[in-house]
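Visitor: Please see the structure below; I have some questions.
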Amino acid sequence: MLAAVLRQVGDDNLDVVDNLEIVEPGPGQVQVKIEATGLCHSDLSMMTGVIPGLTPAVLGHEGAGIVEAVGEGVTRVEEGDHVIVDWSPPCGTCSYCGDFGAAHLCTDGLGSIAVTANFLEGGSPVFGFGGNGTFAEHMILLEAGVIKIDDDIPFEIASLIGCGVMTGVGAALNKAKVQPGSSVVVFGCGGVGIAAIQGARIAGAAEIVAVDLNEGKLETAKGFGASHAVTPDQLDAVKAELTGGEGFDYAFEAIGKSATMRAAWDAVRRGGTACIIGAGAVDDFVTLSAFEIFSTDKSFIGSYYGSGDNSYWFPRLLRLWKAGRLDLEGMISRRMKIDEINDGLAAMRAGDVVRQVITF
Ligand SMILES: [Zn+2]
Ligand SMILES: [Zn+2]
C-alpha cells in the first residue's frame, strides 16, 4: 500500500512508498481504510524533532476512513462503519479515564500505541506517528481510537475534526469557555487558529481579532468570523480601539512559540485568560515575572486536543457543520494525492495554507 514515511528526524521530505504492509488487527484493535487525512503542523514538528517519536514512521494523525476488519472482542464498531481517528485513544482504566473524568488527558493509551510498530516494510517494523500514521492507505488502531460517524459525512470534512478543528474549537468552548459578548484575540491563522476563531464565533464573542504575519491569511480569517485581522505590529492599535487599551478578555496562541505565548499574555486584560493551544518545544521557555502573575489576576492556561471527550465532541462538531455554523469546506486550501505530500509540507512551512487534505 501507499504511505509517506519519515526515515529519520531532521529529514526535510517524506519518502512516499508503495510497498508497506500492516499487521493483522489484534484483540481490541481495528483495521481502518484511510480515505482522507489532513496535514497538521504537528507532522512537521515530528520531522524537526520538536515532537519526539520513533522512526522510521508513517506520519499523519488527522484522518477518517472505513473500518475494514476488527480484532477479537471489539464491540464499539464493526466492519463498514465510517470513523474519525482519535489520535489519543483513552486507555479506559487510568485515573484520567476514570475518577478525573478527563479521558483526553490519558497518556497510557497514546503511550502504548506510540511504541508499537503496526506497519511492515520488507518484514522490518515501521512505526506510526504517536502510534497513528494516517498517511497510509490502511492502519491499525485501538478500538477506542476510532469514533463512529454518519455514513453521509464526506471523509475530507470528517478528517479535519480529528485534530485541528477539535483542538481549536474545543479550546474556545471547553477550556477558555469564551462568553457571549466578550473580546478575543487569536495568534496564528493556520488550521488550529481558524478553528479557535470559529469556536469564539460559535460561543458568541463580540470582537474576534485575528493576528498573523501572513497578510494573505488575514482576509481568510475574516471569512471565518474574525471581526478584525491584523499583522502583529498593528495589534496595539486595534487593542486600544476595541478595549481602551485594557486588553482582551481572551487570547489564543495557535503557533507554539514562547514569544507569541508571551504576546498572548500581554494582550489580555487584568483578570483575562491566555489560552495556549500551539504545540511548542520542550526547551522553549515562556518568561512571566513572579510579580505579574499574582498582581494581574490573569490566567495562563493550556489546552490539549480541545479539552473535551472526543466521543462526545466529534459528532457534535459535525452537527455544527451540518447546521452551517462551522465552516469546514472553507478550511480546505488544497486537495492532493499522497505523492504531492512534500509540496504540501513546503506550503505548510511557508504558512500559506489553512488545511491541506490528502485523499486516497
Ligand atoms: Zn494535529
Ligand atoms: Zn487512561
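Please note that chains go A, B, ... in the order of the C-alpha cells, that every chain numbers its residues from 1, and that ligands are numbered from 1 in the order shown.
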Neighbouring residues of Val5 in chain A were defined as those with any atom within 8 Å, considering only C-alpha atoms; residues of the same chain fewer than 4 positions away were excluded. Please report them as a PyMOL selection string.
Guide: chain A and resi 14-17+56-59
Visitor: Those residues with N, CA, C and O atoms, as a PDB file, in the first residue's frame please?
Guide:
ATOM      1  N   LEU A  14       9.326  13.515   3.173  1.00  0.00           N
ATOM      2  CA  LEU A  14       8.879  12.159   3.487  1.00  0.00           C
ATOM      3  C   LEU A  14       9.117  11.280   2.272  1.00  0.00           C
ATOM      4  O   LEU A  14       9.134  11.745   1.140  1.00  0.00           O
ATOM      5  N   ASP A  15       9.316  10.013   2.538  1.00  0.00           N
ATOM      6  CA  ASP A  15       9.571   9.035   1.495  1.00  0.00           C
ATOM      7  C   ASP A  15       8.233   8.369   1.144  1.00  0.00           C
ATOM      8  O   ASP A  15       7.664   7.666   1.972  1.00  0.00           O
ATOM      9  N   VAL A  16       7.723   8.656  -0.053  1.00  0.00           N
ATOM     10  CA  VAL A  16       6.450   8.052  -0.461  1.00  0.00           C
ATOM     11  C   VAL A  16       6.738   6.687  -1.064  1.00  0.00           C
ATOM     12  O   VAL A  16       7.462   6.580  -2.059  1.00  0.00           O
ATOM     13  N   VAL A  17       6.198   5.650  -0.430  1.00  0.00           N
ATOM     14  CA  VAL A  17       6.482   4.278  -0.855  1.00  0.00           C
ATOM     15  C   VAL A  17       5.163   3.560  -1.174  1.00  0.00           C
ATOM     16  O   VAL A  17       4.094   4.015  -0.778  1.00  0.00           O
ATOM     17  N   PRO A  56      11.831   4.468  11.694  1.00  0.00           N
ATOM     18  CA  PRO A  56      11.014   5.098  10.641  1.00  0.00           C
ATOM     19  C   PRO A  56       9.537   5.087  11.017  1.00  0.00           C
ATOM     20  O   PRO A  56       9.085   4.165  11.699  1.00  0.00           O
ATOM     21  N   ALA A  57       8.821   6.113  10.554  1.00  0.00           N
ATOM     22  CA  ALA A  57       7.423   6.229  10.945  1.00  0.00           C
ATOM     23  C   ALA A  57       6.573   6.759   9.809  1.00  0.00           C
ATOM     24  O   ALA A  57       6.985   7.674   9.093  1.00  0.00           O
ATOM     25  N   VAL A  58       5.378   6.192   9.683  1.00  0.00           N
ATOM     26  CA  VAL A  58       4.345   6.781   8.833  1.00  0.00           C
ATOM     27  C   VAL A  58       3.781   7.965   9.611  1.00  0.00           C
ATOM     28  O   VAL A  58       3.306   7.794  10.733  1.00  0.00           O
ATOM     29  N   LEU A  59       3.865   9.164   9.062  1.00  0.00           N
ATOM     30  CA  LEU A  59       3.303  10.321   9.762  1.00  0.00           C
ATOM     31  C   LEU A  59       1.797  10.416   9.494  1.00  0.00           C
ATOM     32  O   LEU A  59       1.223   9.586   8.814  1.00  0.00           O
TER      33      LEU A  59
END
Visitor: Neighbours of range 19-30 of chain A within 7 Å (only C-alpha atoms; same-chain residues fewer than 5 positions away dropped), as a list of chain:residue names?
Guide: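 The residues that qualify are A:Met1, A:Leu2, A:Ala3, A:Val67, A:Ala69, A:Val70, A:Gly71, A:Glu72, A:Gly73, A:Val74, A:Asn118, A:Phe119, A:Leu120, A:Glu121, A:Met139, A:Ile140, A:Leu141, A:Leu142, A:Glu143.
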Visitor: Go ahead and save the picked residues with C-alpha atoms, as a compact mmCIF listing (two decimals), in the first residue's frame.
Guide:
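Now in part.txt:
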# COMPACT_ATOMS: atom_id res chain seq x y z
CA MET A 1 0.00 0.00 0.00
CA LEU A 2 0.92 3.65 -0.40
CA ALA A 3 2.31 5.55 2.57
CA VAL A 67 -13.45 0.08 9.37
CA ALA A 69 -11.63 -5.52 9.85
CA VAL A 70 -11.97 -5.88 13.61
CA GLY A 71 -10.00 -7.93 16.11
CA GLU A 72 -11.31 -10.16 18.85
CA GLY A 73 -13.56 -8.54 21.44
CA VAL A 74 -14.23 -5.32 19.54
CA ASN A 118 1.92 -1.82 13.10
CA PHE A 119 3.48 -1.28 9.67
CA LEU A 120 5.99 -3.54 7.94
CA GLU A 121 8.39 -2.79 5.11
CA MET A 139 -3.82 1.41 9.54
CA ILE A 140 -4.35 -0.39 12.82
CA LEU A 141 -5.96 1.45 15.72
CA LEU A 142 -7.24 0.65 19.18
CA GLU A 143 -11.00 0.32 19.30
Visitor: Give me the residues within 9 Å of Ala64 in chain A as an NGL selection string, counting only C-alpha atoms and dropping any in the same chain fewer than 3 places off.
Guide: :A and (32-37 or 82-85 or 134 or 146 or 155-162)
Visitor: Enumerate the residues of range 57-197 of chain A with a DSSP assignment of strand (DSSP E), computed from the backbone, and present them as number ranges by chain.
Guide: A: 57-58, 62-70, 82-85, 119-121, 124-128, 138-142, 146-149, 183-187
Visitor: Return as a PDB file with N, CA, C and O atoms, in the first residue's frame every polymer residue, whether protein, DNA or RNA, with at least one atom no more than 9 Å from an atom of ligand 1; count only C-alpha atoms and all ligand atoms.
Guide:
ATOM      1  N   GLY A  38      -5.734  15.018   6.870  1.00  0.00           N
ATOM      2  CA  GLY A  38      -5.238  16.387   6.816  1.00  0.00           C
ATOM      3  C   GLY A  38      -3.766  16.437   7.165  1.00  0.00           C
ATOM      4  O   GLY A  38      -3.241  15.573   7.875  1.00  0.00           O
ATOM      5  N   LEU A  39      -3.094  17.457   6.620  1.00  0.00           N
ATOM      6  CA  LEU A  39      -1.706  17.725   7.012  1.00  0.00           C
ATOM      7  C   LEU A  39      -1.745  18.717   8.174  1.00  0.00           C
ATOM      8  O   LEU A  39      -2.314  19.797   8.039  1.00  0.00           O
ATOM      9  N   CYS A  40      -1.143  18.332   9.299  1.00  0.00           N
ATOM     10  CA  CYS A  40      -1.185  19.157  10.509  1.00  0.00           C
ATOM     11  C   CYS A  40       0.233  19.619  10.822  1.00  0.00           C
ATOM     12  O   CYS A  40       1.212  18.937  10.502  1.00  0.00           O
ATOM     13  N   HIS A  41       0.334  20.770  11.459  1.00  0.00           N
ATOM     14  CA  HIS A  41       1.664  21.284  11.769  1.00  0.00           C
ATOM     15  C   HIS A  41       2.451  20.338  12.673  1.00  0.00           C
ATOM     16  O   HIS A  41       3.679  20.312  12.652  1.00  0.00           O
ATOM     17  N   SER A  42       1.748  19.534  13.462  1.00  0.00           N
ATOM     18  CA  SER A  42       2.444  18.593  14.344  1.00  0.00           C
ATOM     19  C   SER A  42       3.226  17.546  13.556  1.00  0.00           C
ATOM     20  O   SER A  42       4.216  17.003  14.053  1.00  0.00           O
ATOM     21  N   ASP A  43       2.794  17.254  12.321  1.00  0.00           N
ATOM     22  CA  ASP A  43       3.580  16.333  11.482  1.00  0.00           C
ATOM     23  C   ASP A  43       4.949  16.949  11.183  1.00  0.00           C
ATOM     24  O   ASP A  43       5.978  16.259  11.253  1.00  0.00           O
ATOM     25  N   GLY A  60       1.189  11.482  10.041  1.00  0.00           N
ATOM     26  CA  GLY A  60      -0.243  11.679   9.867  1.00  0.00           C
ATOM     27  C   GLY A  60      -1.029  11.207  11.076  1.00  0.00           C
ATOM     28  O   GLY A  60      -0.750  10.134  11.627  1.00  0.00           O
ATOM     29  N   HIS A  61      -1.966  12.050  11.511  1.00  0.00           N
ATOM     30  CA  HIS A  61      -2.768  11.697  12.697  1.00  0.00           C
ATOM     31  C   HIS A  61      -4.165  12.305  12.631  1.00  0.00           C
ATOM     32  O   HIS A  61      -4.943  12.176  13.564  1.00  0.00           O
ATOM     33  N   GLU A  62      -4.464  12.997  11.513  1.00  0.00           N
ATOM     34  CA  GLU A  62      -5.768  13.663  11.364  1.00  0.00           C
ATOM     35  C   GLU A  62      -6.491  12.965  10.214  1.00  0.00           C
ATOM     36  O   GLU A  62      -6.315  13.327   9.055  1.00  0.00           O
ATOM     37  N   TRP A  87      -6.527  10.476  17.770  1.00  0.00           N
ATOM     38  CA  TRP A  87      -5.109  10.095  17.841  1.00  0.00           C
ATOM     39  C   TRP A  87      -4.610   9.852  19.256  1.00  0.00           C
ATOM     40  O   TRP A  87      -3.488   9.368  19.443  1.00  0.00           O
ATOM     41  N   GLY A 162     -10.600  15.492  13.339  1.00  0.00           N
ATOM     42  CA  GLY A 162      -9.751  14.619  14.140  1.00  0.00           C
ATOM     43  C   GLY A 162      -8.565  15.251  14.828  1.00  0.00           C
ATOM     44  O   GLY A 162      -7.994  14.658  15.746  1.00  0.00           O
ATOM     45  N   CYS A 163      -8.146  16.445  14.386  1.00  0.00           N
ATOM     46  CA  CYS A 163      -7.092  17.120  15.155  1.00  0.00           C
ATOM     47  C   CYS A 163      -7.347  18.625  15.237  1.00  0.00           C
ATOM     48  O   CYS A 163      -7.754  19.138  16.265  1.00  0.00           O
ATOM     49  N   GLY A 164      -7.110  19.345  14.145  1.00  0.00           N
ATOM     50  CA  GLY A 164      -7.108  20.807  14.211  1.00  0.00           C
ATOM     51  C   GLY A 164      -8.417  21.431  14.658  1.00  0.00           C
ATOM     52  O   GLY A 164      -8.422  22.352  15.475  1.00  0.00           O
ATOM     53  N   THR A 167      -9.171  20.662  18.298  1.00  0.00           N
ATOM     54  CA  THR A 167      -8.219  21.382  19.138  1.00  0.00           C
ATOM     55  C   THR A 167      -8.596  22.864  19.286  1.00  0.00           C
ATOM     56  O   THR A 167      -8.602  23.412  20.392  1.00  0.00           O
ATOM     57  N   VAL A 192      -5.559  25.366  13.228  1.00  0.00           N
ATOM     58  CA  VAL A 192      -5.984  25.428  14.624  1.00  0.00           C
ATOM     59  C   VAL A 192      -6.463  26.837  14.984  1.00  0.00           C
ATOM     60  O   VAL A 192      -7.485  27.011  15.663  1.00  0.00           O
ATOM     61  N   TYR A 305      -5.761  19.034  22.820  1.00  0.00           N
ATOM     62  CA  TYR A 305      -6.712  18.297  21.990  1.00  0.00           C
ATOM     63  C   TYR A 305      -8.154  18.724  22.253  1.00  0.00           C
ATOM     64  O   TYR A 305      -9.064  17.913  22.258  1.00  0.00           O
TER      65      TYR A 305
END
Visitor: Identify all residues of range 178-337 of chain A in alpha helix (DSSP H) (DSSP on the backbone) and supply them as an MDAnalysis selection string.
Guide: chainID A and resid 191:203 215:223 235:243 258:267 290:295 310:322
Visitor: Filtering to C-alpha atoms, could you give me those residues as a short mmCIF file (atom, residue, chain, number, x, y, z; two decimals), in the first residue's frame?
Guide:
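Saved file selection-v1.cif follows:
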data_model
loop_
_atom_site.label_atom_id
_atom_site.label_comp_id
_atom_site.auth_asym_id
_atom_site.auth_seq_id
_atom_site.Cartn_x
_atom_site.Cartn_y
_atom_site.Cartn_z
CA GLY A 191 -5.95 25.32 10.83
CA VAL A 192 -5.98 25.43 14.62
CA GLY A 193 -6.17 29.24 14.80
CA ILE A 194 -9.03 29.34 12.28
CA ALA A 195 -10.80 26.68 14.35
CA ALA A 196 -10.32 28.81 17.50
CA ILE A 197 -11.78 31.80 15.65
CA GLN A 198 -14.78 29.67 14.72
CA GLY A 199 -15.09 28.42 18.30
CA ALA A 200 -15.11 32.00 19.60
CA ARG A 201 -17.72 32.92 17.00
CA ILE A 202 -19.92 29.95 17.97
CA ALA A 203 -19.56 30.98 21.64
CA GLU A 215 -1.28 39.17 5.15
CA GLY A 216 -2.94 36.75 2.76
CA LYS A 217 -4.32 34.83 5.72
CA LEU A 218 -5.90 37.89 7.29
CA GLU A 219 -8.69 38.14 4.71
CA THR A 220 -9.18 34.39 5.06
CA ALA A 221 -9.61 34.78 8.83
CA LYS A 222 -12.39 37.34 8.31
CA GLY A 223 -14.28 34.78 6.25
CA LEU A 235 -2.21 44.77 17.29
CA ASP A 236 -1.64 47.54 19.86
CA ALA A 237 -3.70 49.98 17.79
CA VAL A 238 -6.66 47.62 17.47
CA LYS A 239 -6.36 46.69 21.16
CA ALA A 240 -6.58 50.39 22.05
CA GLU A 241 -9.54 50.88 19.72
CA LEU A 242 -11.55 47.88 20.94
CA THR A 243 -10.64 47.67 24.62
CA SER A 258 7.31 31.29 23.57
CA ALA A 259 7.33 34.80 22.05
CA THR A 260 3.74 34.56 20.85
CA MET A 261 2.66 32.89 24.10
CA ARG A 262 4.08 35.90 25.94
CA ALA A 263 2.31 38.20 23.44
CA ALA A 264 -0.96 36.39 24.20
CA TRP A 265 -0.43 37.03 27.93
CA ASP A 266 0.31 40.71 27.25
CA ALA A 267 -2.76 41.05 25.02
CA ALA A 290 6.68 36.49 39.71
CA PHE A 291 5.00 39.83 40.37
CA GLU A 292 2.76 40.00 37.34
CA ILE A 293 1.33 36.52 37.78
CA PHE A 294 -0.47 37.35 41.03
CA SER A 295 -0.90 41.09 40.56
CA ASN A 310 -13.84 13.25 21.71
CA SER A 311 -16.55 10.59 21.54
CA TYR A 312 -18.99 13.32 22.57
CA TRP A 313 -17.44 16.22 20.64
CA PHE A 314 -16.63 14.76 17.22
CA PRO A 315 -20.35 14.11 16.45
CA ARG A 316 -21.29 17.49 17.99
CA LEU A 317 -18.83 19.32 15.75
CA LEU A 318 -20.27 17.53 12.74
CA ARG A 319 -23.75 18.66 13.81
CA LEU A 320 -22.49 22.24 13.92
CA TRP A 321 -21.08 21.71 10.42
CA LYS A 322 -24.38 20.25 9.13
#
Visitor: To check your reading of the model: which residues sit at most 7 Å from ligand 2 when counting only C-alpha atoms and all ligand atoms? Write the answer as a PyMOL selection string.
Guide: chain A and resi 90-97+103+106-109
Visitor: For the selection just defined, write its residues with N, CA and C atoms to a file, as an mmCIF file, in the first residue's frame.
Guide:
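The file below, selection-v1.cif, is the result:
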data_model
loop_
_atom_site.group_PDB
_atom_site.id
_atom_site.type_symbol
_atom_site.label_atom_id
_atom_site.label_comp_id
_atom_site.auth_asym_id
_atom_site.auth_seq_id
_atom_site.Cartn_x
_atom_site.Cartn_y
_atom_site.Cartn_z
ATOM 1 N N PRO A 90 -8.231 6.910 24.677
ATOM 2 C CA PRO A 90 -8.222 6.682 26.124
ATOM 3 C C PRO A 90 -8.032 5.192 26.453
ATOM 4 N N CYS A 91 -7.212 4.910 27.464
ATOM 5 C CA CYS A 91 -6.943 3.507 27.831
ATOM 6 C C CYS A 91 -8.139 2.879 28.521
ATOM 7 N N GLY A 92 -8.961 3.736 29.172
ATOM 8 C CA GLY A 92 -10.169 3.230 29.821
ATOM 9 C C GLY A 92 -9.993 2.823 31.268
ATOM 10 N N THR A 93 -8.752 2.759 31.758
ATOM 11 C CA THR A 93 -8.570 2.266 33.128
ATOM 12 C C THR A 93 -7.774 3.201 34.041
ATOM 13 N N CYS A 94 -7.101 4.211 33.515
ATOM 14 C CA CYS A 94 -6.261 5.075 34.370
ATOM 15 C C CYS A 94 -7.127 6.101 35.115
ATOM 16 N N SER A 95 -6.502 6.896 35.963
ATOM 17 C CA SER A 95 -7.235 7.882 36.758
ATOM 18 C C SER A 95 -7.924 8.921 35.889
ATOM 19 N N TYR A 96 -7.268 9.308 34.786
ATOM 20 C CA TYR A 96 -7.871 10.327 33.920
ATOM 21 C C TYR A 96 -9.105 9.779 33.212
ATOM 22 N N CYS A 97 -9.019 8.522 32.784
ATOM 23 C CA CYS A 97 -10.176 7.894 32.140
ATOM 24 C C CYS A 97 -11.289 7.642 33.165
ATOM 25 N N ALA A 103 -10.785 11.949 29.962
ATOM 26 C CA ALA A 103 -10.144 10.908 29.157
ATOM 27 C C ALA A 103 -9.178 11.483 28.117
ATOM 28 N N CYS A 106 -5.619 11.222 29.185
ATOM 29 C CA CYS A 106 -4.998 9.900 29.354
ATOM 30 C C CYS A 106 -3.713 9.838 28.532
ATOM 31 N N THR A 107 -2.635 9.422 29.159
ATOM 32 C CA THR A 107 -1.389 9.249 28.403
ATOM 33 C C THR A 107 -1.057 7.769 28.209
ATOM 34 N N ASP A 108 -1.770 6.896 28.921
ATOM 35 C CA ASP A 108 -1.460 5.471 28.818
ATOM 36 C C ASP A 108 -1.811 4.906 27.441
ATOM 37 N N GLY A 109 -2.956 5.356 26.890
ATOM 38 C CA GLY A 109 -3.369 4.861 25.574
ATOM 39 C C GLY A 109 -2.348 5.245 24.514
#
Visitor: Using only C-alpha atoms, can you tell me which of A:Thr359, A:Thr296, A:Gln8, A:Gln234 comes closest to Leu54 in chain A?
Guide: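 Answer, going by the shortest atom-to-atom distance: A:Gln8.
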Visitor: Using only C-alpha atoms, which residue out of A:Gly98, A:Pro232, A:Gly63, A:Gly130 lies closest to Phe187 in chain A?
Guide: A:Pro232
Visitor: Give the answer as one residue: which of A:Val186, A:Ile208, A:Leu326, A:Ile51 has the shortest atom-to-atom distance to Ile255 in chain A, using only C-alpha atoms?
Guide: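 The answer is A:Val186, which sits nearest to Ile255 in chain A.
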Visitor: Grab the CA of Asp86 in chain A to CA of Ala102 in chain A distance for me, in Å with one decimal place.
Guide: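 Taking CA of Asp86 in chain A as the start and CA of Ala102 in chain A as the end point, the length is 14.6 Å.
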Visitor: For Val282 in chain A, which residue among A:Thr75, A:Ala206, A:Phe248, A:Gly256 is the nearest when counting only C-alpha atoms?
Guide: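 Ranked by minimum distance to Val282 in chain A, first place goes to A:Gly256.
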Visitor: Of the candidates A:Gly188, A:Gly123, A:Gly10, A:Gly247, which shows the shortest atom-to-atom distance to Glu207 in chain A, using only C-alpha atoms?
Guide: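 Ranking A:Gly188, A:Gly123, A:Gly10, A:Gly247 by distance to Glu207 in chain A, first place goes to A:Gly247.
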Visitor: Would you compute the distance between CA of Ile276 in chain A and CA of Leu105 in chain A? Give it in Å to one decimal.
Guide: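 Value for the CA of Ile276 in chain A-CA of Leu105 in chain A distance: 15.6 Å.
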Visitor: So that I can check the surroundings of Ile332 in chain A, please list as a PyMOL selection string every protein, DNA and RNA residue that reaches within 8 Å of it, counting only C-alpha atoms and ignoring chain neighbours fewer than 6 positions away.
Guide: chain A and resi 354-357
Visitor: Excluding same-chain residues fewer than 4 positions from Ser299 in chain A, what lies within 9 Å of it counting only C-alpha atoms, as a PyMOL selection string?
Guide: chain A and resi 265+271-275+293
Visitor: Store the residues of this selection in a file with N, CA and C atoms, as a PDB file, in the first residue's frame.
Guide:
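Done, and the output landed in selection_39.pdb:
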ATOM      1  N   TRP A 265      -0.302  36.586  26.532  1.00  0.00           N
ATOM      2  CA  TRP A 265      -0.432  37.032  27.926  1.00  0.00           C
ATOM      3  C   TRP A 265      -0.541  38.557  27.992  1.00  0.00           C
ATOM      4  N   GLY A 271      -7.215  40.013  34.800  1.00  0.00           N
ATOM      5  CA  GLY A 271      -8.254  39.001  35.005  1.00  0.00           C
ATOM      6  C   GLY A 271      -8.598  38.207  33.758  1.00  0.00           C
ATOM      7  N   GLY A 272      -7.968  38.520  32.644  1.00  0.00           N
ATOM      8  CA  GLY A 272      -8.254  37.812  31.387  1.00  0.00           C
ATOM      9  C   GLY A 272      -7.535  36.472  31.299  1.00  0.00           C
ATOM     10  N   THR A 273      -7.777  35.783  30.191  1.00  0.00           N
ATOM     11  CA  THR A 273      -7.265  34.417  30.022  1.00  0.00           C
ATOM     12  C   THR A 273      -6.456  34.282  28.742  1.00  0.00           C
ATOM     13  N   ALA A 274      -5.216  33.830  28.889  1.00  0.00           N
ATOM     14  CA  ALA A 274      -4.390  33.484  27.727  1.00  0.00           C
ATOM     15  C   ALA A 274      -4.360  31.977  27.619  1.00  0.00           C
ATOM     16  N   CYS A 275      -4.918  31.446  26.535  1.00  0.00           N
ATOM     17  CA  CYS A 275      -5.049  30.001  26.366  1.00  0.00           C
ATOM     18  C   CYS A 275      -4.069  29.529  25.296  1.00  0.00           C
ATOM     19  N   ILE A 293       2.249  37.662  37.761  1.00  0.00           N
ATOM     20  CA  ILE A 293       1.329  36.517  37.780  1.00  0.00           C
ATOM     21  C   ILE A 293       0.212  36.746  38.808  1.00  0.00           C
TER      22      ILE A 293
END
Visitor: Could you tell me which of A:Phe300, A:Leu345, A:Val353, A:Phe224 comes closest to Leu328 in chain A if we count only C-alpha atoms?
Guide: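 Distance minimum relative to Leu328 in chain A lands on A:Phe224.
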